[in-house]
>>> print(open('data-v3.txt').read())   # compact mmCIF, C-alpha atoms
# COMPACT_ATOMS: atom_id res chain seq x y z
CA MET Y 26 -5.98 23.86 5.62
CA THR Y 27 -8.38 23.57 8.51
CA LYS Y 28 -7.27 21.11 11.11
CA PRO Y 29 -9.94 18.46 11.41
CA ALA Y 30 -11.51 17.62 14.74
CA SER Y 31 -9.67 14.94 16.66
CA ALA Y 32 -12.66 12.58 16.51
CA SER Y 33 -12.69 12.44 12.72
CA ALA Y 34 -10.48 10.33 10.52
CA ARG Y 35 -7.65 12.13 8.80
CA ALA Y 36 -4.18 11.81 7.45
CA PHE Y 37 -2.04 12.64 10.43
CA GLU Y 38 1.23 14.39 10.90
CA LEU Y 39 3.77 11.66 11.39
CA TYR Y 40 5.43 11.76 14.80
CA ASP Y 41 3.30 14.41 16.43
CA GLU Y 42 2.46 14.05 20.11
CA ARG Y 43 -0.01 11.23 19.38
CA MET Y 44 2.50 9.15 17.47
CA PRO Y 45 3.05 6.48 20.16
CA VAL Y 46 -0.67 5.67 20.00
CA ARG Y 47 -0.71 5.76 16.21
CA ARG Y 48 2.35 3.54 16.09
CA TYR Y 49 0.65 0.60 17.79
CA LYS Y 50 -2.50 1.26 15.80
CA LEU Y 51 -0.47 1.23 12.58
CA LEU Y 52 0.91 -2.14 13.58
CA LEU Y 53 -2.48 -3.53 14.57
CA GLN Y 54 -4.02 -2.24 11.36
CA ALA Y 55 -1.41 -4.09 9.31
CA PHE Y 56 -1.92 -7.27 11.34
CA LEU Y 57 -5.71 -7.04 10.94
CA LYS Y 58 -5.32 -6.69 7.19
CA ARG Y 59 -3.30 -9.90 7.18
CA ARG Y 60 -6.26 -11.69 8.76
CA GLY Y 61 -8.58 -10.51 6.00
CA PRO Y 62 -12.11 -9.09 6.08
CA GLY Y 63 -14.47 -10.05 8.85
CA THR Y 64 -12.07 -9.60 11.73
CA ARG Y 65 -13.31 -6.13 12.60
CA GLN Y 66 -16.89 -7.36 12.58
CA ALA Y 67 -15.94 -10.23 14.89
CA ILE Y 68 -14.23 -7.79 17.24
CA ALA Y 69 -17.25 -5.48 17.18
CA GLU Y 70 -19.57 -8.35 18.05
CA ALA Y 71 -17.29 -9.66 20.77
CA LEU Y 72 -16.92 -6.26 22.39
CA GLY Y 73 -20.59 -5.45 21.98
CA ASN Y 74 -19.82 -2.31 20.06
CA THR Y 75 -20.48 -0.92 16.61
CA ARG Y 76 -18.05 -1.28 13.72
CA SER Y 77 -17.66 2.48 13.83
CA PHE Y 78 -16.26 2.24 17.34
CA ILE Y 79 -13.96 -0.60 16.29
CA THR Y 80 -12.76 1.45 13.33
CA GLN Y 81 -11.97 4.34 15.66
CA ILE Y 82 -9.97 2.24 18.10
CA THR Y 83 -8.10 0.25 15.44
CA SER Y 84 -7.40 2.93 12.84
CA PRO Y 85 -4.37 5.20 13.30
CA ALA Y 86 -6.30 7.91 11.50
CA TYR Y 87 -8.27 8.41 14.72
CA ASP Y 88 -6.73 9.68 17.94
CA MET Y 89 -8.69 7.34 20.18
CA ALA Y 90 -6.47 4.95 22.13
CA ILE Y 91 -7.44 1.31 22.45
CA PRO Y 92 -9.01 0.87 25.91
CA PRO Y 93 -6.82 -1.54 27.87
CA GLN Y 94 -9.74 -3.80 28.74
CA HIS Y 95 -10.16 -4.54 25.03
CA VAL Y 96 -6.54 -5.30 24.23
CA ARG Y 97 -6.50 -9.00 25.08
CA THR Y 98 -9.82 -9.60 23.31
CA ILE Y 99 -8.54 -7.88 20.19
CA ILE Y 100 -5.33 -9.89 20.27
CA ARG Y 101 -7.32 -13.11 20.56
CA LEU Y 102 -9.92 -12.30 17.89
CA ALA Y 103 -7.32 -10.94 15.51
CA ALA Y 104 -5.44 -14.20 15.98
CA LEU Y 105 -2.15 -12.35 16.33
CA GLN Y 106 0.84 -14.60 15.95
CA PRO Y 107 3.23 -14.66 18.93
CA GLU Y 108 5.68 -12.26 17.30
CA GLU Y 109 2.86 -9.95 16.23
CA GLU Y 110 1.43 -10.02 19.75
CA ARG Y 111 4.80 -9.23 21.30
CA THR Y 112 5.40 -6.38 18.87
CA PHE Y 113 1.93 -4.94 19.39
CA LEU Y 114 2.08 -5.19 23.18
CA ASP Y 115 5.53 -3.61 23.24
CA ALA Y 116 4.22 -0.70 21.19
CA TYR Y 117 1.04 -0.46 23.29
CA LEU Y 118 2.97 -0.35 26.56
CA THR Y 119 5.39 2.19 25.13
CA ALA Y 120 2.37 4.44 24.61
CA HIS Y 121 0.64 3.47 27.87
CA PRO Y 122 3.33 2.32 30.33
CA ASP Y 123 0.90 2.63 33.24
CA ARG Y 124 -1.06 -0.33 31.82
CA ALA Y 125 1.78 -2.83 32.15
CA THR Y 126 0.48 -4.48 35.31
CA GLU Y 127 -3.01 -4.75 33.93
CA LEU Y 128 -1.89 -6.33 30.67
CA LEU Y 129 1.04 -8.41 31.73
CA GLY Y 130 0.16 -9.26 35.30
CA ARG Y 131 2.70 -9.18 38.12
CA GLY Y 132 4.49 -12.33 37.10
CA ASP Y 133 3.22 -14.24 40.13
CA GLY Y 134 -0.29 -14.86 38.87
CA ARG Y 135 -2.16 -18.13 38.73
CA ALA Y 136 -4.00 -19.39 35.68
CA ILE Y 137 -7.37 -21.04 36.09
CA THR Y 138 -9.53 -22.69 33.47
CA ILE Y 139 -13.30 -22.74 33.28
CA THR Y 140 -15.45 -24.62 30.81
CA LEU Y 141 -18.09 -22.67 28.95
CA PRO Y 142 -21.03 -24.06 27.00
CA LEU Y 143 -20.81 -24.07 23.22
CA LEU Y 144 -23.51 -21.77 21.90
CA ALA Y 145 -25.12 -22.12 18.50
CA SER Y 146 -24.28 -18.55 17.50
CA PRO Y 147 -20.57 -17.77 17.00
CA ALA Y 148 -21.30 -14.14 17.78
CA ALA Y 149 -23.01 -15.08 21.03
CA GLN Y 150 -20.10 -17.37 21.84
CA SER Y 151 -17.61 -14.57 21.34
CA ARG Y 152 -19.77 -12.26 23.40
CA LEU Y 153 -19.98 -14.75 26.26
CA GLU Y 154 -16.24 -15.33 26.26
CA SER Y 155 -15.57 -11.62 26.12
CA LEU Y 156 -17.90 -10.93 29.04
CA ILE Y 157 -16.34 -13.66 31.18
CA GLU Y 158 -12.85 -12.44 30.32
CA ARG Y 159 -13.80 -8.85 31.04
CA PHE Y 160 -15.40 -9.75 34.36
CA ALA Y 161 -12.34 -11.71 35.43
CA ARG Y 162 -9.90 -9.02 34.36
CA GLU Y 163 -11.79 -6.11 35.92
CA THR Y 164 -12.40 -8.01 39.14
CA ALA Y 165 -8.72 -8.87 39.38
CA ALA Y 166 -7.73 -5.28 38.62
CA ALA Y 167 -10.11 -3.96 41.29
CA MET Y 168 -8.76 -6.37 43.86
CA LEU Y 169 -5.18 -5.50 42.96
CA GLU Y 170 -6.05 -1.86 43.45
CA ASN Y 171 -7.64 -2.56 46.84
CA GLU Y 172 -4.60 -4.55 47.83
CA ALA Y 173 -2.27 -1.71 46.85
CA GLU Y 174 -4.35 0.79 48.82
CA LEU Y 175 -4.33 -1.50 51.85
CA LEU Y 176 -0.57 -1.90 51.67
CA GLN Y 177 -0.17 1.88 51.44
CA THR Y 178 -2.47 2.44 54.42
CA ASN Y 179 -0.59 -0.11 56.51
CA ALA Y 180 2.75 1.44 55.55
CA THR Y 181 1.52 4.89 56.56
CA ALA Y 182 0.17 3.56 59.86
CA ALA Y 183 3.46 1.85 60.63
CA MET X 28 10.04 31.25 7.15
CA THR X 29 8.42 30.76 3.77
CA LEU X 30 10.18 28.07 1.80
CA PRO X 31 10.68 28.63 -1.93
CA TYR X 32 8.74 25.55 -3.04
CA SER X 33 8.81 26.83 -6.61
CA VAL X 34 12.54 26.18 -6.81
CA THR X 35 13.08 22.89 -8.59
CA GLY X 36 16.09 20.66 -8.81
CA LEU X 37 17.01 17.14 -9.67
CA MET X 38 17.49 14.05 -7.62
CA LEU X 39 18.77 10.56 -8.33
CA SER X 40 18.98 7.56 -6.10
CA ILE X 41 19.61 3.85 -6.31
CA LEU X 42 18.90 1.38 -3.51
CA ALA X 43 19.76 -2.29 -3.52
CA PHE X 44 20.06 -5.48 -1.54
CA ASP X 45 22.86 -7.90 -2.36
CA PRO X 46 21.74 -11.45 -1.57
CA ALA X 47 25.33 -12.69 -1.85
CA ASP X 48 26.57 -10.93 1.27
CA GLN X 49 23.25 -9.69 2.66
CA ALA X 50 24.37 -6.08 2.30
CA LEU X 51 21.99 -3.16 1.89
CA GLY X 52 23.02 0.06 0.23
CA ILE X 53 21.97 3.36 -1.24
CA ALA X 54 23.63 6.01 -3.39
CA LEU X 55 22.16 9.42 -4.11
CA ALA X 56 22.92 12.65 -5.89
CA SER X 57 21.00 15.90 -5.74
CA SER X 58 21.00 19.50 -6.83
CA ALA X 59 20.37 20.42 -3.20
CA ILE X 60 23.07 20.49 -0.55
CA ALA X 61 23.56 17.76 2.06
CA VAL X 62 21.24 15.16 0.54
CA GLY X 63 22.86 12.54 2.76
CA SER X 64 21.47 14.19 5.87
CA ARG X 65 17.84 13.88 4.80
CA CYS X 66 17.11 11.19 2.28
CA PRO X 67 18.95 7.90 2.92
CA HIS X 68 17.93 5.71 5.86
CA LEU X 69 19.51 2.34 6.49
CA ALA X 70 19.18 -0.24 9.28
CA ALA X 71 21.76 -3.00 9.01
CA GLY X 72 20.18 -6.36 8.31
CA LYS X 73 16.71 -4.81 8.09
CA ALA X 74 16.02 -2.37 5.29
CA VAL X 75 17.11 0.65 3.32
CA VAL X 76 14.80 3.55 2.58
CA SER X 77 15.04 6.55 0.33
CA SER X 78 12.72 9.40 1.23
CA GLN X 79 13.00 12.15 -1.34
CA GLY X 80 11.02 14.50 -3.56
CA PHE X 81 9.55 16.99 -1.13
CA THR X 82 11.08 15.00 1.67
CA ASN X 83 9.14 14.31 4.84
CA LEU X 84 11.94 14.00 7.38
CA LYS X 85 9.84 11.65 9.50
CA VAL X 86 9.09 9.07 6.82
CA GLY X 87 12.48 7.36 6.82
CA PRO X 88 12.74 6.71 10.57
CA LEU X 89 9.09 5.64 10.75
CA ALA X 90 9.46 3.26 7.80
CA LEU X 91 12.52 1.63 9.35
CA ASP X 92 10.76 1.40 12.72
CA LEU X 93 7.76 -0.36 11.16
CA ILE X 94 10.01 -2.72 9.22
CA GLU X 95 11.84 -3.58 12.43
CA CYS X 96 8.45 -4.27 14.01
CA GLY X 97 7.87 -6.95 11.40
CA LEU X 98 5.74 -5.22 8.77
CA THR X 99 6.48 -5.98 5.14
CA ALA X 100 7.67 -3.28 2.77
CA LYS X 101 4.26 -3.30 1.14
CA GLU X 102 2.50 -2.86 4.49
CA VAL X 103 4.80 0.00 5.43
CA MET X 104 4.21 1.76 2.14
CA GLY X 105 0.48 1.22 2.60
CA ALA X 106 0.64 2.85 6.02
CA LEU X 107 2.58 5.81 4.65
CA ARG X 108 0.17 6.20 1.72
CA GLN X 109 -2.79 6.24 4.04
CA HIS X 110 -1.43 8.63 6.60
CA ASP X 111 0.98 11.10 5.06
CA ARG X 112 -1.32 13.73 3.70
CA TRP X 113 1.32 14.98 1.27
CA MET X 114 2.16 11.69 -0.40
CA ASP X 115 1.54 13.29 -3.81
CA TYR X 116 4.76 15.22 -3.23
CA ARG X 117 6.84 12.33 -1.93
CA GLN X 118 9.13 9.88 -3.58
CA ILE X 119 9.89 6.86 -1.41
CA ALA X 120 11.49 3.47 -1.91
CA ILE X 121 11.98 0.60 0.52
CA ILE X 122 14.10 -2.50 0.08
CA THR X 123 14.22 -5.03 2.88
CA ALA X 124 16.92 -7.51 3.75
CA GLY X 125 14.51 -10.15 2.53
CA GLY X 126 14.63 -8.60 -0.93
CA GLU X 127 11.20 -6.97 -0.93
CA VAL X 128 11.06 -3.83 -3.08
CA GLU X 129 8.42 -1.11 -2.88
CA ALA X 130 8.47 2.33 -4.45
CA HIS X 131 6.19 5.33 -4.66
CA THR X 132 6.42 8.45 -6.80
CA GLY X 133 3.76 11.08 -6.12
CA ASP X 134 2.15 13.00 -8.99
CA ARG X 135 3.32 16.37 -7.62
CA ASN X 136 7.04 15.73 -7.98
CA THR X 137 8.77 18.14 -10.32
CA ASP X 138 9.48 17.63 -14.04
CA TRP X 139 9.86 14.00 -14.99
CA ALA X 140 9.73 11.88 -11.90
CA GLY X 141 9.47 8.17 -11.46
CA HIS X 142 11.13 4.95 -10.50
CA VAL X 143 12.25 1.72 -12.07
CA ILE X 144 12.49 -1.50 -10.15
CA GLY X 145 14.65 -4.51 -10.78
CA ASP X 146 15.41 -7.62 -8.84
CA THR X 147 16.39 -6.30 -5.37
CA VAL X 148 17.16 -2.87 -6.80
CA ALA X 149 15.19 0.36 -7.18
CA CYS X 150 16.18 3.54 -9.03
CA LEU X 151 14.34 6.79 -8.37
CA GLY X 152 14.56 10.27 -9.76
CA ASN X 153 12.77 13.58 -10.05
CA GLY X 154 13.45 16.85 -11.79
CA LEU X 155 14.72 14.81 -14.74
CA PRO X 156 14.18 15.30 -18.47
CA ASP X 157 13.05 11.70 -18.86
CA LYS X 158 13.48 8.14 -17.64
CA ALA X 159 16.87 7.58 -19.28
CA PRO X 160 19.07 8.24 -16.21
CA LEU X 161 17.14 5.68 -14.18
CA GLU X 162 17.37 3.04 -16.88
CA ALA X 163 21.08 3.79 -17.18
CA MET X 164 21.52 3.19 -13.46
CA ARG X 165 19.55 -0.03 -13.48
CA HIS X 166 21.41 -1.46 -16.48
CA ARG X 167 24.80 -0.53 -15.08
CA PHE X 168 23.96 -2.08 -11.74
CA ALA X 169 22.77 -5.29 -13.40
CA ALA X 170 25.97 -5.48 -15.45
CA THR X 171 28.35 -5.54 -12.46
CA PRO X 172 27.33 -8.53 -10.33
CA GLY X 173 30.87 -9.48 -9.28
CA LEU X 174 31.73 -6.17 -7.63
CA THR X 175 31.03 -4.97 -4.11
CA LEU X 176 27.65 -3.38 -3.55
CA ALA X 177 29.25 -0.01 -2.82
CA GLU X 178 31.16 -0.08 -6.09
CA ARG X 179 28.08 -1.16 -8.04
CA LEU X 180 25.96 1.63 -6.60
CA LEU X 181 28.60 4.24 -7.31
CA LEU X 182 29.11 2.99 -10.86
CA ALA X 183 25.37 3.16 -11.42
CA LEU X 184 25.25 6.75 -10.18
CA GLU X 185 28.17 7.64 -12.45
CA GLN X 186 26.37 6.04 -15.39
CA ALA X 187 23.32 8.20 -14.77
CA ARG X 188 25.59 11.23 -14.83
CA THR X 189 26.69 10.37 -18.37
CA VAL X 190 23.16 10.64 -19.75
CA LEU X 191 22.37 13.94 -18.05
CA GLU X 192 23.24 17.26 -19.66
CA PRO X 193 26.86 18.31 -19.00
CA GLY X 194 25.69 21.25 -16.92
CA ALA X 195 23.35 19.23 -14.73
CA LEU X 196 23.32 20.59 -11.21
CA LEU X 197 24.77 17.94 -8.88
CA VAL X 198 25.70 19.60 -5.63
CA SER X 199 25.65 16.81 -3.06
CA SER X 200 25.95 13.03 -3.02
CA SER X 201 25.92 10.20 -0.55
CA LEU X 202 26.83 6.52 -0.38
CA GLN X 203 25.83 4.14 2.40
CA VAL X 204 26.36 0.38 2.51
CA ARG X 205 25.93 -1.89 5.49
CA GLY X 206 26.43 -5.60 5.84
CA PRO X 207 24.29 -7.56 8.27
CA SER X 208 26.81 -6.96 11.07
CA GLN X 209 26.68 -3.65 12.82
CA SER X 210 30.37 -2.85 12.40
CA ALA X 211 31.14 -3.03 8.67
CA ARG X 212 29.96 0.09 6.94
CA THR X 213 30.49 2.57 4.18
CA ASP X 214 28.92 5.92 4.99
CA LEU X 215 30.30 8.71 2.82
CA ARG X 216 28.91 12.11 2.00
CA VAL X 217 29.67 15.02 -0.22
CA ASP X 218 27.49 17.69 1.32
CA ILE X 219 28.54 20.29 -1.23
CA ALA X 220 30.68 19.83 -4.32
CA ARG X 221 34.24 21.10 -4.01
CA GLN X 222 33.71 23.38 -6.98
CA PRO X 223 30.42 25.09 -7.86
CA PRO X 224 28.57 23.18 -10.57
CA GLY X 225 28.79 26.29 -12.75
CA SER X 226 32.58 25.93 -12.66
CA GLY X 227 32.56 22.27 -13.56
CA GLY X 228 31.96 20.90 -10.06
CA CYS X 229 30.12 17.61 -9.65
CA SER X 230 29.28 15.92 -6.38
CA ILE X 231 29.32 12.44 -7.95
CA ARG X 232 32.90 12.97 -9.07
CA ASP X 233 33.82 14.17 -5.59
CA LEU X 234 32.08 11.14 -4.10
CA ARG X 235 34.14 8.87 -6.32
CA GLN X 236 37.35 10.54 -5.13
CA LEU X 237 36.28 10.21 -1.54
CA TYR X 238 35.33 6.56 -2.03
CA ASP X 239 38.61 5.70 -3.74
CA GLN X 240 40.54 7.20 -0.84
CA TYR X 241 38.36 5.62 1.81
CA GLN X 242 38.04 2.13 0.41
CA PRO X 243 41.62 0.94 1.04
CA LEU X 244 41.28 2.08 4.65
CA ALA X 245 37.88 0.56 5.37
CA GLU X 246 39.25 -2.80 6.47
CA LEU X 247 41.78 -1.12 8.74
CA TYR X 248 39.12 1.04 10.39
CA GLU X 249 37.00 -2.03 11.04
CA ALA X 250 39.95 -4.02 12.42
CA ARG X 251 40.86 -1.24 14.82
CA SER X 252 37.52 -1.63 16.56
CA THR X 253 38.46 -5.15 17.68
CA ALA X 254 42.29 -5.08 17.74
CA PRO X 255 43.55 -1.55 18.30
CA PRO X 256 47.08 -2.38 19.57
CA SER X 257 48.12 -4.51 16.61
CA ARG X 258 46.48 -2.59 13.80
CA ALA X 259 46.44 1.05 14.81
CA GLY X 260 48.80 3.75 13.71
CA LEU X 261 48.85 3.71 9.94
CA SER X 262 50.35 7.00 8.80
CA GLY X 263 49.58 8.49 12.18
CA GLU X 264 45.82 8.17 11.65
CA THR X 265 44.07 7.20 14.83
CA ALA X 266 40.40 7.96 14.18
>>> encode(input="data-v3.txt", output="structure tokens")
Amino acid sequence: MTKPASASARAFELYDERMPVRRYKLLLQAFLKRRGPGTRQAIAEALGNTRSFITQITSPAYDMAIPPQHVRTIIRLAALQPEEERTFLDAYLTAHPDRATELLGRGDGRAITITLPLLASPAAQSRLESLIERFARETAAAMLENEAELLQTNATAA
Amino acid sequence: MTLPYSVTGLMLSILAFDPADQALGIALASSAIAVGSRCPHLAAGKAVVSSQGFTNLKVGPLALDLIECGLTAKEVMGALRQHDRWMDYRQIAIITAGGEVEAHTGDRNTDWAGHVIGDTVACLGNGLPDKAPLEAMRHRFAATPGLTLAERLLLALEQARTVLEPGALLVSSSLQVRGPSQSARTDLRVDIARQPPGSGGCSIRDLRQLYDQYQPLAELYEARSTAPPSRAGLSGETA
């Protein structure tokens, strides 16, 4: 049997080197099925991507990992229950332990609330919320990174 | 190494959940050696899985992992169906501690292969002449509600033996039962029958002998884990 290219869907070998990624995608896939049809489309619209891309990042038959910047949006749009969210995040961080700070924060964060307008289009609403969330997360991540670099520079200088 | 896939054998298993004491259990018998090392998978208080046929050694641990992550038995079986490319060759059953039962028998299993499902019980087999051994197991299990789960599973396996041909090849057997606590357990194996099947050997009979010897000691072994000074030392056994 010819081994298919990694970008194409296929039945995978259980527990090969990509299994940690497939494990959290298996869990997410099951949780998405519980939500019923339409969830993938909502995620695609919110992330501004095609359904094909969403299929690739949510199906364990594809090797593509879920980009960390999409994780919180997917959790929100998939309406994961608290236990489902905990299980999924545990599995995600097992596969990508370097993303823990980005996803969970440092434990000393501060929550702020902003009020957004209610748009007529649900898709546009989701898109707006996703963009705001993404901007906030990426800005915070960039500033955390700058802060870490500054601390390292100061430590070296000392 | 090229495996002799053309070699066929027979396989029987029965899995069950006992709502009365929340125990999960599985009993198996096979024409292959050491069936207990490959096919039964049990997580106390969670689920029991039989992965047999042309066994994928990774299915059992993955199924238990997904169950422990909160997926239902049906969702786990769905995931396995979608992603194990050789599911046509597999025979798999899952029973959760919530009483969910799911079973799969692929079309490529040898001879007669299939499963029967009852209330919190599943019987599977392949390499069989027909369905009769599975029905025999299910009926026997249903007829013994007052006994321990281990005894019921073993009796069911013995009943299946009575409807197989006298010369049926039964080389290895296994019996696992776990209550919801982590300590109480029955985990017995006959990896190879004491006599060759051609000389009248039968792994189910050997499993019965092993069980009958073990059962009176099970309570003592469990007590030793919490009170070794007062309970240890029976007949010099210290394990």
>>> interface_residues(input="data-v3.txt", of="chain X", to="chain Y", cutoff="7 Å", atoms="all atoms listed in the file", output="PyMOL selection string")
chain X and resi 85+96+102+106+109-112
>>> closest_residue(input="data-v3.txt", among="X:Gly63, X:Gly152, X:Gly36, X:Gly52", to="Leu181 in chain X", atoms="all atoms listed in the file")
X:Gly52
>>> residues_around(input="data-v3.txt", residues="Ile219 in chain X", least_positions_apart="2", cutoff="7 Å", atoms="all atoms listed in the file", output="list of chain:residue names")
X:Ile60, X:Ala61, X:Val198, X:Ser199, X:Val217, X:Arg221, X:Ser230
>>> closest_residue(input="data-v3.txt", among="Y:Pro93, Y:Ala136, Y:Leu175, Y:Ile79", to="Asp123 in chain Y", atoms="all atoms listed in the file")
Y:Pro93
>>> atom_distance(input="data-v3.txt", atom1="CA of Gln118 in chain X", atom2="CA of Met164 in chain X")
17.2 Å
>>> atom_distance(input="data-v3.txt", atom1="CA of Leu174 in chain X", atom2="CA of Gln236 in chain X")
17.8 Å
>>> residues_around(input="data-v3.txt", residues="Glu70 in chain Y", least_positions_apart="3", cutoff="8 Å", atoms="all atoms listed in the file", output="list in words")
Gln66, Ala67, Gly73, Asn74, Thr75, Ala148, Ser151 and Arg152 of chain Y
>>> residues_around(input="data-v3.txt", residues="Asp134 in chain X", least_positions_apart="4", cutoff="10 Å", atoms="only C-alpha atoms", output="list of chain:residue names")
X:Met114, X:Asp115, X:Tyr116, X:Arg117, X:Gln118, X:Trp139, X:Ala140, X:Gly141
>>> closest_residue(input="data-v3.txt", among="X:Met104, X:Ala220, X:Ala177, X:Ala183", to="Asp239 in chain X", atoms="all atoms listed in the file")
X:Ala177
>>> atom_distance(input="data-v3.txt", atom1="CA of Pro67 in chain X", atom2="CA of Ile41 in chain X")
10.1 Å
>>> closest_residue(input="data-v3.txt", among="Y:Ala125, Y:Ala120, Y:Met168, Y:Ala71", to="Leu153 in chain Y", atoms="all atoms listed in the file")
Y:Ala71
>>> closest_residue(input="data-v3.txt", among="X:Ala124, X:Leu215, X:Ala130, X:Leu107", to="Asp48 in chain X", atoms="only C-alpha atoms")
X:Ala124
>>> axis_aligned_box(input="data-v3.txt", around="range 62-80 of chain Y", padding_each_side="3 Å", output="lines of an AutoDock Vina configuration file")
center_x = -16.3
center_y = -3.9
center_z = 14.2
size_x = 14.5
size_y = 18.7
size_z = 22.3
>>> residues_around(input="data-v3.txt", residues="Gln81 in chain Y", least_positions_apart="2", cutoff="12 Å", atoms="only C-alpha atoms", output="ChimeraX atom specification")
/Y:31-35,47,50,54,65,69,74-79,83-92
>>> closest_residue(input="data-v3.txt", among="Y:Leu102, Y:Leu72, Y:Ala161, Y:Val96", to="Leu57 in chain Y", atoms="all atoms listed in the file")
Y:Leu102
>>> residues_around(input="data-v3.txt", residues="Pro156 in chain X", least_positions_apart="4", cutoff="10 Å", atoms="all atoms listed in the file", output="list in words")
Leu37, Asp138, Trp139, Ala140, Pro160, Leu191 and Glu192 of chain X
>>> build_atoms(input="data-v3.txt", residues="range 226-237 of chain X", atoms="N, CA and C atoms", output="mmCIF file, in the coordinates of the input")
data_model
loop_
_atom_site.group_PDB
_atom_site.id
_atom_site.type_symbol
_atom_site.label_atom_id
_atom_site.label_comp_id
_atom_site.auth_asym_id
_atom_site.auth_seq_id
_atom_site.Cartn_x
_atom_site.Cartn_y
_atom_site.Cartn_z
ATOM 1 N N SER X 226 31.147 25.946 -12.318
ATOM 2 C CA SER X 226 32.580 25.930 -12.660
ATOM 3 C C SER X 226 33.076 24.513 -12.914
ATOM 4 N N GLY X 227 32.156 23.645 -13.239
ATOM 5 C CA GLY X 227 32.560 22.270 -13.560
ATOM 6 C C GLY X 227 32.500 21.323 -12.391
ATOM 7 N N GLY X 228 32.037 21.770 -11.228
ATOM 8 C CA GLY X 228 31.960 20.900 -10.060
ATOM 9 C C GLY X 228 30.875 19.842 -10.223
ATOM 10 N N CYS X 229 31.094 18.702 -9.580
ATOM 11 C CA CYS X 229 30.120 17.610 -9.650
ATOM 12 C C CYS X 229 30.267 16.756 -8.392
ATOM 13 N N SER X 230 29.201 16.646 -7.654
ATOM 14 C CA SER X 230 29.280 15.920 -6.380
ATOM 15 C C SER X 230 29.530 14.422 -6.598
ATOM 16 N N ILE X 231 29.068 13.874 -7.710
ATOM 17 C CA ILE X 231 29.320 12.440 -7.950
ATOM 18 C C ILE X 231 30.815 12.210 -8.170
ATOM 19 N N ARG X 232 31.450 13.113 -8.878
ATOM 20 C CA ARG X 232 32.900 12.970 -9.070
ATOM 21 C C ARG X 232 33.628 13.090 -7.735
ATOM 22 N N ASP X 233 33.191 14.022 -6.906
ATOM 23 C CA ASP X 233 33.820 14.170 -5.590
ATOM 24 C C ASP X 233 33.576 12.936 -4.727
ATOM 25 N N LEU X 234 32.385 12.359 -4.862
ATOM 26 C CA LEU X 234 32.080 11.140 -4.100
ATOM 27 C C LEU X 234 32.989 9.999 -4.540
ATOM 28 N N ARG X 235 33.228 9.900 -5.820
ATOM 29 C CA ARG X 235 34.140 8.870 -6.320
ATOM 30 C C ARG X 235 35.542 9.062 -5.732
ATOM 31 N N GLN X 236 36.019 10.291 -5.697
ATOM 32 C CA GLN X 236 37.350 10.540 -5.130
ATOM 33 C C GLN X 236 37.400 10.162 -3.657
ATOM 34 N N LEU X 237 36.348 10.530 -2.963
ATOM 35 C CA LEU X 237 36.280 10.210 -1.540
ATOM 36 C C LEU X 237 36.250 8.695 -1.344
#
